[in-house]
Amino acid sequence: MATAVRGGSDVEVGFAKLQGEDFEYYMQSYSIMLGRNSKKSTVDVDLSSLGGGMNISRNHARIFYDFTRRRFSLEVLGKNGCFVEGVLHLPGNPNVKLDSQDLLQIGDKEFYFLLPVRSILGGPLGARHGGGVVPYQNYHSGSGSGKKSGRSREFYEEDDEEEEEDEDEEVVRGSGKKIRRDGHDEYGSSEKKREGRVKIDREADDQQVLLLEEKDVVSSVATVLSDLCGPGDWMPMEKLHSVILKKYGNIWHHSRVRRYLAQEDWAIPEAIGKPWYGLLMLLRKYPEHFVINTRTKGRVTLEFVSLVSLIS
């Protein structure tokens with residue numbers, strides 16, 4: 001675990017960075033505790049030793065990555081609260097979303113929360129604020145916003161269908177009935193179209209459910225790796241499988257367990273003796289999250305996994 005140091009550090013690896021006027025701290029796990037050290041316990045960032053004053057609690061605040069919402073957040077624990085961008089947040093309040101270059105104040109200590117230019121979970125990150133402390137060059141600096149605004153699109157399928165009907169149908173005056181110009185009933189054709197749309201929608205729903213399941217598994221794996229090892233540390237896939245199976249084997253749906261934690265669905269030579277093969281294939285789909293390394297001993301191939309680390 002990296003420590004907060006004055007005047008810079010030789011350790012420049014981290015998922016995020018805290019930057020004060022006289023100290024910097026690189027986060028090497030997805031969750032850190034800020035506060036003050038005591039004889040019974042220590043914290044990741046001892047703000048009292050950095051000039052934070054007497055209003056620092058032992059466990060004052062926690063900064064962590066919220067995998068569900070895919071963002072960093074601040075949990076306030078100390079009774080005197082924390083300021084984020086000038087707004088006071090107290091214990092019991094909802095967790096505070098942290099954006100790059102947010103200014104935090106705990107006790108008398110001010111510092112910036114900085115994210116790398118490249119997100120740990122993929123994609124560029126926009127800068128928010130300027131001024132104050134000059135952050136490290138590979139972390140956000142300057143002013144302006146790099147956030148993208150999404151634009152929703154709407155499809156009016158029913159209107160299109162009505163237009164098609166107008167082209168192919170005539171209304172028999174006085175009867176209120178619609179007939180095709182060629183004299184044939186169109187209902188059989190419409191039913192086939194409707195069944196086709198239902199099938200397409202069902203397949204799209206299945207793909208969406210599978211994608212959401214993949215993201216949930218990826219988040220679970222990232223959380224486990226973050227808890228057990230830092231960036232640059234490797235974990236054998238066999239051990240990762242054992243930890244995931246113990247933690248989620250009785251929680252996940254049996255189909256998910258079979259897909260990622262069992263060998264049943266993988267009737268190929270490469271998967272023999274590797275109940276984690278499905279999980280390995282999933283992690284390889286997300287190179288922005290995980291790095292896979294293999295080692296061969298004779299005829300045995302061993303796989304190791306690590307979280308993506310950002311080396312400045």
# chains A, B, ... in the order shown; residues from 1 in each chain; ligands from 1
call {"tool": "residues_around", "arguments": {"residues": "range 205-216 of chain A", "least_positions_apart": "4", "cutoff": "12 Å", "atoms": "only C-alpha atoms", "output": "count of residues only"}}
result
30
call {"tool": "residues_around", "arguments": {"residues": "Leu114 in chain A", "least_positions_apart": "6", "cutoff": "6 Å", "atoms": "only C-alpha atoms", "output": "list in words"}}
result
Ala16, Lys17, Ser100 and Gln101 of chain A
call {"tool": "write_last_selection", "arguments": {"atoms": "N, CA and C atoms", "output": "compact mmCIF listing (two decimals), in the first residue's frame"}}
result
# COMPACT_ATOMS: atom_id res chain seq x y z
N ALA A 16 -6.09 6.10 -8.55
CA ALA A 16 -6.45 7.50 -8.40
C ALA A 16 -5.37 8.14 -7.52
N LYS A 17 -5.47 9.46 -7.37
CA LYS A 17 -4.43 10.18 -6.64
C LYS A 17 -5.04 11.28 -5.79
N SER A 100 -13.05 13.81 -10.98
CA SER A 100 -11.66 14.23 -11.02
C SER A 100 -11.54 15.73 -10.79
N GLN A 101 -10.58 16.11 -9.95
CA GLN A 101 -10.29 17.49 -9.58
C GLN A 101 -11.30 18.08 -8.60
call {"tool": "residues_around", "arguments": {"residues": "Leu98 in chain A", "least_positions_apart": "5", "cutoff": "10 Å", "atoms": "only C-alpha atoms", "output": "compact mmCIF listing (two decimals) with C-alpha atoms, in the first residue's frame"}}
result
# COMPACT_ATOMS: atom_id res chain seq x y z
CA ILE A 63 -12.77 6.71 -0.65
CA PHE A 64 -13.75 3.69 -2.71
CA TYR A 65 -14.68 2.62 -6.22
CA ARG A 71 -17.52 5.66 -10.16
CA PHE A 72 -15.44 6.67 -7.14
CA SER A 73 -17.35 7.71 -4.02
CA LEU A 74 -16.68 9.19 -0.59
CA VAL A 84 -16.47 18.36 -1.15
CA GLU A 85 -16.38 21.37 -3.45
CA LEU A 103 -11.53 19.72 -3.90
CA LEU A 104 -11.89 17.94 -0.55
CA PHE A 113 -9.03 13.98 -5.83
CA LEU A 114 -7.49 13.21 -9.24
CA LEU A 115 -8.17 10.49 -11.78
call {"tool": "select_by_dssp", "arguments": {"residues": "range 19-51 of chain A", "states": "strand (DSSP E)", "output": "ChimeraX atom specification"}}
result
/A:19,24-27,31-35,45-46
call {"tool": "residues_around", "arguments": {"residues": "Leu302 in chain A", "least_positions_apart": "5", "cutoff": "10 Å", "atoms": "only C-alpha atoms", "output": "PDB file with N, CA and C atoms, in the first residue's frame"}}
result
ATOM      1  N   PRO A 236      -3.130 -16.476  -9.173  1.00  0.00           N
ATOM      2  CA  PRO A 236      -3.422 -17.642 -10.013  1.00  0.00           C
ATOM      3  C   PRO A 236      -4.923 -17.773 -10.253  1.00  0.00           C
ATOM      4  N   MET A 237      -5.301 -18.135 -11.467  1.00  0.00           N
ATOM      5  CA  MET A 237      -6.716 -18.303 -11.779  1.00  0.00           C
ATOM      6  C   MET A 237      -7.350 -19.369 -10.894  1.00  0.00           C
ATOM      7  N   GLU A 238      -6.581 -20.379 -10.528  1.00  0.00           N
ATOM      8  CA  GLU A 238      -7.107 -21.428  -9.657  1.00  0.00           C
ATOM      9  C   GLU A 238      -7.512 -20.856  -8.306  1.00  0.00           C
ATOM     10  N   LYS A 274      -9.962 -27.507 -15.658  1.00  0.00           N
ATOM     11  CA  LYS A 274      -9.990 -26.075 -15.352  1.00  0.00           C
ATOM     12  C   LYS A 274     -11.427 -25.587 -15.210  1.00  0.00           C
ATOM     13  N   ASN A 293      -1.756 -13.456 -17.725  1.00  0.00           N
ATOM     14  CA  ASN A 293      -0.410 -13.950 -17.996  1.00  0.00           C
ATOM     15  C   ASN A 293      -0.422 -15.470 -17.897  1.00  0.00           C
ATOM     16  N   THR A 294       0.311 -16.131 -18.777  1.00  0.00           N
ATOM     17  CA  THR A 294       0.352 -17.594 -18.764  1.00  0.00           C
ATOM     18  C   THR A 294       1.788 -18.082 -18.602  1.00  0.00           C
ATOM     19  N   ARG A 295       1.909 -19.180 -17.909  1.00  0.00           N
ATOM     20  CA  ARG A 295       3.206 -19.833 -17.736  1.00  0.00           C
ATOM     21  C   ARG A 295       3.022 -21.320 -18.008  1.00  0.00           C
ATOM     22  N   THR A 296       3.996 -21.888 -18.694  1.00  0.00           N
ATOM     23  CA  THR A 296       3.912 -23.302 -19.062  1.00  0.00           C
ATOM     24  C   THR A 296       4.985 -24.100 -18.343  1.00  0.00           C
ATOM     25  N   LYS A 297       4.543 -25.165 -17.689  1.00  0.00           N
ATOM     26  CA  LYS A 297       5.455 -26.109 -17.054  1.00  0.00           C
ATOM     27  C   LYS A 297       5.194 -27.480 -17.649  1.00  0.00           C
TER      28      LYS A 297
END
call {"tool": "closest_residue", "arguments": {"among": "A:Asn250, A:Gln19, A:Ser226, A:Ser57", "to": "Ser306 in chain A", "atoms": "only C-alpha atoms"}}
result
A:Ser226
call {"tool": "atom_distance", "arguments": {"atom1": "CA of Val76 in chain A", "atom2": "CA of Glu24 in chain A"}}
result
20.6 Å
call {"tool": "closest_residue", "arguments": {"among": "A:Asp227, A:Asp46, A:Glu75, A:Asp233", "to": "Lys97 in chain A", "atoms": "only C-alpha atoms"}}
result
A:Glu75
call {"tool": "atom_distance", "arguments": {"atom1": "CA of Cys82 in chain A", "atom2": "CA of Gly52 in chain A"}}
result
11.9 Å
call {"tool": "decode", "arguments": {"residues": "range 43-84 of chain A", "atoms": "N, CA and C atoms", "output": "PDB file, in the first residue's frame"}}
result
ATOM      1  N   VAL A  43      -4.376   4.011   9.492  1.00  0.00           N
ATOM      2  CA  VAL A  43      -5.191   4.295   8.314  1.00  0.00           C
ATOM      3  C   VAL A  43      -4.265   4.446   7.110  1.00  0.00           C
ATOM      4  N   ASP A  44      -4.860   4.465   5.926  1.00  0.00           N
ATOM      5  CA  ASP A  44      -4.060   4.610   4.708  1.00  0.00           C
ATOM      6  C   ASP A  44      -3.469   6.010   4.590  1.00  0.00           C
ATOM      7  N   VAL A  45      -4.259   7.016   4.917  1.00  0.00           N
ATOM      8  CA  VAL A  45      -3.798   8.404   4.848  1.00  0.00           C
ATOM      9  C   VAL A  45      -3.999   9.045   6.212  1.00  0.00           C
ATOM     10  N   ASP A  46      -2.906   9.291   6.921  1.00  0.00           N
ATOM     11  CA  ASP A  46      -2.954   9.902   8.250  1.00  0.00           C
ATOM     12  C   ASP A  46      -2.938  11.424   8.091  1.00  0.00           C
ATOM     13  N   LEU A  47      -4.122  12.022   8.058  1.00  0.00           N
ATOM     14  CA  LEU A  47      -4.232  13.462   7.823  1.00  0.00           C
ATOM     15  C   LEU A  47      -3.766  14.279   9.017  1.00  0.00           C
ATOM     16  N   SER A  48      -3.827  13.706  10.218  1.00  0.00           N
ATOM     17  CA  SER A  48      -3.386  14.460  11.388  1.00  0.00           C
ATOM     18  C   SER A  48      -1.891  14.735  11.332  1.00  0.00           C
ATOM     19  N   SER A  49      -1.128  13.812  10.776  1.00  0.00           N
ATOM     20  CA  SER A  49       0.316  14.015  10.653  1.00  0.00           C
ATOM     21  C   SER A  49       0.667  14.955   9.509  1.00  0.00           C
ATOM     22  N   LEU A  50      -0.330  15.254   8.671  1.00  0.00           N
ATOM     23  CA  LEU A  50      -0.116  16.145   7.525  1.00  0.00           C
ATOM     24  C   LEU A  50      -0.669  17.539   7.782  1.00  0.00           C
ATOM     25  N   GLY A  51      -0.966  17.847   9.028  1.00  0.00           N
ATOM     26  CA  GLY A  51      -1.448  19.180   9.364  1.00  0.00           C
ATOM     27  C   GLY A  51      -2.944  19.320   9.311  1.00  0.00           C
ATOM     28  N   GLY A  52      -3.670  18.210   9.505  1.00  0.00           N
ATOM     29  CA  GLY A  52      -5.125  18.253   9.425  1.00  0.00           C
ATOM     30  C   GLY A  52      -5.806  18.807  10.661  1.00  0.00           C
ATOM     31  N   GLY A  53      -5.048  19.027  11.737  1.00  0.00           N
ATOM     32  CA  GLY A  53      -5.651  19.613  12.929  1.00  0.00           C
ATOM     33  C   GLY A  53      -6.200  18.573  13.880  1.00  0.00           C
ATOM     34  N   MET A  54      -6.966  19.057  14.864  1.00  0.00           N
ATOM     35  CA  MET A  54      -7.464  18.212  15.946  1.00  0.00           C
ATOM     36  C   MET A  54      -8.852  17.640  15.678  1.00  0.00           C
ATOM     37  N   ASN A  55      -9.454  17.994  14.552  1.00  0.00           N
ATOM     38  CA  ASN A  55     -10.818  17.556  14.277  1.00  0.00           C
ATOM     39  C   ASN A  55     -10.878  16.332  13.373  1.00  0.00           C
ATOM     40  N   ILE A  56      -9.794  15.572  13.322  1.00  0.00           N
ATOM     41  CA  ILE A  56      -9.733  14.382  12.485  1.00  0.00           C
ATOM     42  C   ILE A  56     -10.070  13.160  13.322  1.00  0.00           C
ATOM     43  N   SER A  57     -11.061  12.406  12.894  1.00  0.00           N
ATOM     44  CA  SER A  57     -11.409  11.153  13.573  1.00  0.00           C
ATOM     45  C   SER A  57     -10.456  10.050  13.133  1.00  0.00           C
ATOM     46  N   ARG A  58     -10.403   8.976  13.935  1.00  0.00           N
ATOM     47  CA  ARG A  58      -9.525   7.860  13.570  1.00  0.00           C
ATOM     48  C   ARG A  58      -9.904   7.305  12.203  1.00  0.00           C
ATOM     49  N   ASN A  59     -11.161   7.010  12.017  1.00  0.00           N
ATOM     50  CA  ASN A  59     -11.678   6.617  10.705  1.00  0.00           C
ATOM     51  C   ASN A  59     -12.624   7.725  10.247  1.00  0.00           C
ATOM     52  N   HIS A  60     -12.074   8.669   9.514  1.00  0.00           N
ATOM     53  CA  HIS A  60     -12.850   9.878   9.209  1.00  0.00           C
ATOM     54  C   HIS A  60     -13.635   9.749   7.899  1.00  0.00           C
ATOM     55  N   ALA A  61     -13.017   9.145   6.898  1.00  0.00           N
ATOM     56  CA  ALA A  61     -13.701   9.032   5.603  1.00  0.00           C
ATOM     57  C   ALA A  61     -13.087   7.886   4.810  1.00  0.00           C
ATOM     58  N   ARG A  62     -13.892   7.331   3.945  1.00  0.00           N
ATOM     59  CA  ARG A  62     -13.424   6.251   3.076  1.00  0.00           C
ATOM     60  C   ARG A  62     -13.669   6.641   1.625  1.00  0.00           C
ATOM     61  N   ILE A  63     -12.638   6.515   0.791  1.00  0.00           N
ATOM     62  CA  ILE A  63     -12.771   6.708  -0.646  1.00  0.00           C
ATOM     63  C   ILE A  63     -12.714   5.324  -1.289  1.00  0.00           C
ATOM     64  N   PHE A  64     -13.693   5.024  -2.122  1.00  0.00           N
ATOM     65  CA  PHE A  64     -13.750   3.686  -2.711  1.00  0.00           C
ATOM     66  C   PHE A  64     -14.359   3.757  -4.107  1.00  0.00           C
ATOM     67  N   TYR A  65     -14.073   2.715  -4.900  1.00  0.00           N
ATOM     68  CA  TYR A  65     -14.681   2.623  -6.219  1.00  0.00           C
ATOM     69  C   TYR A  65     -15.972   1.829  -6.117  1.00  0.00           C
ATOM     70  N   ASP A  66     -17.061   2.443  -6.535  1.00  0.00           N
ATOM     71  CA  ASP A  66     -18.374   1.816  -6.513  1.00  0.00           C
ATOM     72  C   ASP A  66     -18.563   1.093  -7.844  1.00  0.00           C
ATOM     73  N   PHE A  67     -18.367  -0.227  -7.841  1.00  0.00           N
ATOM     74  CA  PHE A  67     -18.433  -0.980  -9.091  1.00  0.00           C
ATOM     75  C   PHE A  67     -19.844  -1.006  -9.662  1.00  0.00           C
ATOM     76  N   THR A  68     -20.843  -0.924  -8.823  1.00  0.00           N
ATOM     77  CA  THR A  68     -22.217  -0.936  -9.320  1.00  0.00           C
ATOM     78  C   THR A  68     -22.509   0.303 -10.146  1.00  0.00           C
ATOM     79  N   ARG A  69     -22.074   1.474  -9.650  1.00  0.00           N
ATOM     80  CA  ARG A  69     -22.329   2.729 -10.358  1.00  0.00           C
ATOM     81  C   ARG A  69     -21.151   3.155 -11.218  1.00  0.00           C
ATOM     82  N   ARG A  70     -20.048   2.372 -11.167  1.00  0.00           N
ATOM     83  CA  ARG A  70     -18.870   2.623 -11.991  1.00  0.00           C
ATOM     84  C   ARG A  70     -18.306   4.026 -11.758  1.00  0.00           C
ATOM     85  N   ARG A  71     -18.059   4.352 -10.497  1.00  0.00           N
ATOM     86  CA  ARG A  71     -17.517   5.660 -10.164  1.00  0.00           C
ATOM     87  C   ARG A  71     -16.875   5.600  -8.780  1.00  0.00           C
ATOM     88  N   PHE A  72     -16.001   6.554  -8.476  1.00  0.00           N
ATOM     89  CA  PHE A  72     -15.439   6.674  -7.141  1.00  0.00           C
ATOM     90  C   PHE A  72     -16.414   7.452  -6.250  1.00  0.00           C
ATOM     91  N   SER A  73     -16.444   7.059  -4.978  1.00  0.00           N
ATOM     92  CA  SER A  73     -17.350   7.707  -4.025  1.00  0.00           C
ATOM     93  C   SER A  73     -16.629   7.943  -2.706  1.00  0.00           C
ATOM     94  N   LEU A  74     -17.196   8.855  -1.916  1.00  0.00           N
ATOM     95  CA  LEU A  74     -16.677   9.189  -0.594  1.00  0.00           C
ATOM     96  C   LEU A  74     -17.731   8.836   0.455  1.00  0.00           C
ATOM     97  N   GLU A  75     -17.346   8.049   1.435  1.00  0.00           N
ATOM     98  CA  GLU A  75     -18.220   7.727   2.567  1.00  0.00           C
ATOM     99  C   GLU A  75     -17.710   8.490   3.785  1.00  0.00           C
ATOM    100  N   VAL A  76     -18.553   9.337   4.353  1.00  0.00           N
ATOM    101  CA  VAL A  76     -18.169  10.164   5.494  1.00  0.00           C
ATOM    102  C   VAL A  76     -18.455   9.407   6.783  1.00  0.00           C
ATOM    103  N   LEU A  77     -17.438   9.309   7.643  1.00  0.00           N
ATOM    104  CA  LEU A  77     -17.563   8.566   8.897  1.00  0.00           C
ATOM    105  C   LEU A  77     -17.331   9.450  10.124  1.00  0.00           C
ATOM    106  N   GLY A  78     -16.430  10.439  10.011  1.00  0.00           N
ATOM    107  CA  GLY A  78     -16.099  11.303  11.137  1.00  0.00           C
ATOM    108  C   GLY A  78     -17.211  12.278  11.473  1.00  0.00           C
ATOM    109  N   LYS A  79     -17.410  12.535  12.763  1.00  0.00           N
ATOM    110  CA  LYS A  79     -18.526  13.369  13.212  1.00  0.00           C
ATOM    111  C   LYS A  79     -18.434  14.804  12.707  1.00  0.00           C
ATOM    112  N   ASN A  80     -17.226  15.293  12.402  1.00  0.00           N
ATOM    113  CA  ASN A  80     -17.066  16.664  11.914  1.00  0.00           C
ATOM    114  C   ASN A  80     -17.270  16.792  10.406  1.00  0.00           C
ATOM    115  N   GLY A  81     -17.476  15.663   9.739  1.00  0.00           N
ATOM    116  CA  GLY A  81     -17.825  15.692   8.332  1.00  0.00           C
ATOM    117  C   GLY A  81     -16.673  16.033   7.403  1.00  0.00           C
ATOM    118  N   CYS A  82     -17.001  16.145   6.129  1.00  0.00           N
ATOM    119  CA  CYS A  82     -16.029  16.472   5.080  1.00  0.00           C
ATOM    120  C   CYS A  82     -16.658  17.476   4.122  1.00  0.00           C
ATOM    121  N   PHE A  83     -15.822  18.342   3.584  1.00  0.00           N
ATOM    122  CA  PHE A  83     -16.264  19.268   2.543  1.00  0.00           C
ATOM    123  C   PHE A  83     -15.838  18.712   1.188  1.00  0.00           C
ATOM    124  N   VAL A  84     -16.768  18.704   0.239  1.00  0.00           N
ATOM    125  CA  VAL A  84     -16.474  18.360  -1.146  1.00  0.00           C
ATOM    126  C   VAL A  84     -16.963  19.504  -2.011  1.00  0.00           C
TER     127      VAL A  84
END
